[in-house]
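**Student:** Okay, here's the structure, questions in a sec.
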Amino acid sequence: MKPTHIEHIGIAVSSLEESVPYYEKVLGLECYAIEEVTDQKVRTAFFRVGETKIELLESTDPEGPIGKFIERKGPGVHHLAFAMENVSEALQNAADQGVRLIDEVPRKGAEGLQIGFLHPKSTQGVLTEFCGHE
């Protein structure tokens with residue numbers, strides 16, 4: 001099962017209010033959506049660059065995954081997300097190949113997508129997300 005394209009690049013930021021102007025004013029991109037994903041303890045802001053999106057991730061809880069990431073590593077690239085036709089099958093295929101999964105079954109993510117993460121210890125150090133509509 002191959003990805004259809006890079007769906008988005010997730011970037012952890014300390015503050016959407018401070019970060020969005022850089023992407024809009026310096027890079028000339030338009031923030032088309034801001035959304036809170038409460039179960040992931042994050043607020044997101046999205047920008048389109050061709051077929052790929054940039055997703056800014058602001059923690060809503062210091063104990064959430066983005067809060068912990070920023071505490072350990074500081075702001076920066078958090079994950080790479082691939083669009084998959086079937087997230088469940090893609091996760092199962094990765095597991096069959098010996099990849100450690102963070103999510104064994106898809107869960108709800110931003111923009112109504114189904115998402116599932118692969119552990120960076122099994123993916124050459126890059127937190128990898130599969131996402132799609134199911």
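Residue numbering restarts at 1 in every chain; chains get A, B, ... in the order shown in the structure tokens, and ligands count up from 1 in that same order.
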Counting only C-alpha atoms, what is within 10 Å of Asp39 (chain A), bar same-chain residues fewer than 4 positions away, as a list in words?
**Tutor:**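 Once the nearby chain positions are removed, what remains is Gly64, Lys108 and Gly109 of chain A.
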**Student:** Please produce an output containing C-alpha atoms for each residue in the selection, written as a short mmCIF file (atom, residue, chain, number, x, y, z; two decimals), in the first residue's frame.
**Tutor:**
data_model
loop_
_atom_site.label_atom_id
_atom_site.label_comp_id
_atom_site.auth_asym_id
_atom_site.auth_seq_id
_atom_site.Cartn_x
_atom_site.Cartn_y
_atom_site.Cartn_z
CA GLY A 64 -0.21 16.51 26.02
CA LYS A 108 -10.26 10.87 14.56
CA GLY A 109 -7.86 13.67 13.68
#
**Student:** Could you pull the residues within 10 Å of Leu91 (chain A), counting only C-alpha atoms, minus those fewer than 2 positions along the same chain, as a PyMOL selection string?
**Tutor:** chain A and resi 1+84+86-89+93-97+99-106+115-118+129-130
**Student:** Could you write out the selected residues, including C-alpha atoms, as a PDB file, in the first residue's frame?
**Tutor:**
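Wrote it out as again_5.pdb, contents follow:
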ATOM      1  CA  MET A   1       0.000   0.000   0.000  1.00  0.00           C
ATOM      2  CA  MET A  84      -3.420   6.675   2.412  1.00  0.00           C
ATOM      3  CA  ASN A  86      -7.137   2.954   3.652  1.00  0.00           C
ATOM      4  CA  VAL A  87      -5.550   3.895   6.991  1.00  0.00           C
ATOM      5  CA  SER A  88      -6.555   0.621   8.676  1.00  0.00           C
ATOM      6  CA  GLU A  89      -4.895  -1.454   5.974  1.00  0.00           C
ATOM      7  CA  ASN A  93       0.681  -3.549   6.625  1.00  0.00           C
ATOM      8  CA  ALA A  94       3.218  -1.563   8.654  1.00  0.00           C
ATOM      9  CA  ALA A  95       2.676  -3.849  11.670  1.00  0.00           C
ATOM     10  CA  ASP A  96       3.111  -6.901   9.426  1.00  0.00           C
ATOM     11  CA  GLN A  97       6.479  -5.451   8.392  1.00  0.00           C
ATOM     12  CA  VAL A  99       6.928  -1.522  12.503  1.00  0.00           C
ATOM     13  CA  ARG A 100       5.960  -0.470  16.022  1.00  0.00           C
ATOM     14  CA  LEU A 101       2.598   1.309  15.993  1.00  0.00           C
ATOM     15  CA  ILE A 102       1.414   4.103  18.248  1.00  0.00           C
ATOM     16  CA  ASP A 103      -2.137   3.563  16.948  1.00  0.00           C
ATOM     17  CA  GLU A 104      -3.252   0.030  16.147  1.00  0.00           C
ATOM     18  CA  VAL A 105      -6.552   1.327  14.766  1.00  0.00           C
ATOM     19  CA  PRO A 106      -7.312   4.697  13.191  1.00  0.00           C
ATOM     20  CA  ILE A 115      -5.268   9.032  11.462  1.00  0.00           C
ATOM     21  CA  GLY A 116      -2.773   6.548  12.826  1.00  0.00           C
ATOM     22  CA  PHE A 117       0.825   7.072  13.938  1.00  0.00           C
ATOM     23  CA  LEU A 118       3.899   4.877  13.562  1.00  0.00           C
ATOM     24  CA  GLU A 129       1.309   9.570  10.387  1.00  0.00           C
ATOM     25  CA  PHE A 130      -1.055   7.824   7.985  1.00  0.00           C
TER      26      PHE A 130
END
**Student:** Which one is closest to Ile66 (chain A): A:Val37, A:Leu127, A:Val42, A:Ile9? Count only C-alpha atoms.
**Tutor:** A:Val42
**Student:** Go through region 69-108 of chain A and collect every residue that DSSP, computed from the backbone, puts in strand (DSSP E); the answer should be as a PDB file with N, CA and C atoms, in the first residue's frame.
**Tutor:**
ATOM      1  N   GLY A  76       9.435  22.931  16.367  1.00  0.00           N
ATOM      2  CA  GLY A  76      10.049  22.449  15.133  1.00  0.00           C
ATOM      3  C   GLY A  76       9.232  21.360  14.482  1.00  0.00           C
ATOM      4  N   VAL A  77       9.815  20.721  13.466  1.00  0.00           N
ATOM      5  CA  VAL A  77       9.117  19.668  12.734  1.00  0.00           C
ATOM      6  C   VAL A  77       8.767  18.542  13.699  1.00  0.00           C
ATOM      7  N   HIS A  78       7.504  18.166  13.716  1.00  0.00           N
ATOM      8  CA  HIS A  78       7.001  17.140  14.625  1.00  0.00           C
ATOM      9  C   HIS A  78       6.753  15.818  13.904  1.00  0.00           C
ATOM     10  N   HIS A  79       6.080  15.870  12.750  1.00  0.00           N
ATOM     11  CA  HIS A  79       5.779  14.627  12.040  1.00  0.00           C
ATOM     12  C   HIS A  79       5.566  14.855  10.554  1.00  0.00           C
ATOM     13  N   LEU A  80       5.602  13.754   9.828  1.00  0.00           N
ATOM     14  CA  LEU A  80       5.342  13.727   8.400  1.00  0.00           C
ATOM     15  C   LEU A  80       4.119  12.850   8.189  1.00  0.00           C
ATOM     16  N   ALA A  81       3.105  13.373   7.513  1.00  0.00           N
ATOM     17  CA  ALA A  81       1.851  12.643   7.315  1.00  0.00           C
ATOM     18  C   ALA A  81       1.667  12.272   5.851  1.00  0.00           C
ATOM     19  N   PHE A  82       1.348  11.006   5.635  1.00  0.00           N
ATOM     20  CA  PHE A  82       1.110  10.494   4.290  1.00  0.00           C
ATOM     21  C   PHE A  82      -0.376  10.202   4.103  1.00  0.00           C
ATOM     22  N   ALA A  83      -0.932  10.625   2.979  1.00  0.00           N
ATOM     23  CA  ALA A  83      -2.316  10.301   2.633  1.00  0.00           C
ATOM     24  C   ALA A  83      -2.358   8.853   2.166  1.00  0.00           C
ATOM     25  N   ARG A 107      -7.873   6.682  14.439  1.00  0.00           N
ATOM     26  CA  ARG A 107      -8.673   7.523  15.337  1.00  0.00           C
ATOM     27  C   ARG A 107      -8.966   8.830  14.607  1.00  0.00           C
ATOM     28  N   LYS A 108      -9.867   9.622  15.187  1.00  0.00           N
ATOM     29  CA  LYS A 108     -10.264  10.873  14.555  1.00  0.00           C
ATOM     30  C   LYS A 108      -9.175  11.918  14.733  1.00  0.00           C
TER      31      LYS A 108
END
**Student:** Enumerate as JSON, numbers by chain all residues of chain A assigned to helix (DSSP H, G or I) by DSSP on the backbone, naming them with the chain letters and numbers the document uses.
**Tutor:** {"A": [16, 17, 18, 19, 20, 21, 22, 23, 24, 25, 26, 38, 39, 40, 65, 66, 67, 68, 69, 70, 71, 72, 73, 87, 88, 89, 90, 91, 92, 93, 94, 95, 96, 110, 111, 112, 120, 121, 122]}
**Student:** Let's have the selection written as a compact mmCIF listing (two decimals), in the first residue's frame, with C-alpha atoms.
**Tutor:**
# COMPACT_ATOMS: atom_id res chain seq x y z
CA LEU A 16 -0.40 29.85 16.93
CA GLU A 17 -0.87 33.58 17.44
CA GLU A 18 2.89 34.12 17.15
CA SER A 19 3.50 31.53 14.42
CA VAL A 20 0.66 32.09 11.94
CA PRO A 21 1.87 35.60 10.93
CA TYR A 22 5.23 34.18 9.79
CA TYR A 23 3.55 31.73 7.39
CA GLU A 24 1.15 34.41 6.14
CA LYS A 25 3.40 37.49 5.91
CA VAL A 26 6.80 36.01 5.13
CA THR A 38 -9.43 18.07 22.31
CA ASP A 39 -8.52 14.39 22.68
CA GLN A 40 -5.03 15.17 21.33
CA PRO A 65 1.95 15.06 23.24
CA ILE A 66 2.85 18.44 21.69
CA GLY A 67 3.50 20.01 25.10
CA LYS A 68 5.88 17.17 25.96
CA PHE A 69 7.53 17.37 22.53
CA ILE A 70 8.22 21.10 22.91
CA GLU A 71 9.48 20.55 26.46
CA ARG A 72 12.02 17.94 25.21
CA LYS A 73 12.99 19.30 21.80
CA VAL A 87 -5.55 3.90 6.99
CA SER A 88 -6.55 0.62 8.68
CA GLU A 89 -4.89 -1.45 5.97
CA ALA A 90 -1.82 0.78 5.94
CA LEU A 91 -1.39 0.40 9.72
CA GLN A 92 -1.83 -3.37 9.48
CA ASN A 93 0.68 -3.55 6.63
CA ALA A 94 3.22 -1.56 8.65
CA ALA A 95 2.68 -3.85 11.67
CA ASP A 96 3.11 -6.90 9.43
CA ALA A 110 -8.12 17.26 12.48
CA GLU A 111 -10.16 18.08 9.37
CA GLY A 112 -12.30 14.97 9.89
CA PRO A 120 9.65 6.95 15.36
CA LYS A 121 11.87 4.19 16.80
CA SER A 122 10.62 2.03 13.90
**Student:** Mind pulling up the distance from CA of Leu113 (chain A) to CA of Glu134 (chain A)?
**Tutor:**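 Computing the Euclidean distance for CA of Glu134 (chain A) and CA of Leu113 (chain A) yields 7.8 Å.
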**Student:** Please provide the set of residues having any atom within 6 Å of region 31-34 of chain A, restricted to only C-alpha atoms, with same-chain residues fewer than 6 positions apart removed, written as a PyMOL selection string.
**Tutor:** chain A and resi 44-47
**Student:** Nearest to Asp61 (chain A) among A:Gln114, A:Ser14, A:Thr123, A:Thr128, with distances taken over only C-alpha atoms: which residue is it?
**Tutor:**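 Closest residue, counting only C-alpha atoms: A:Ser14.
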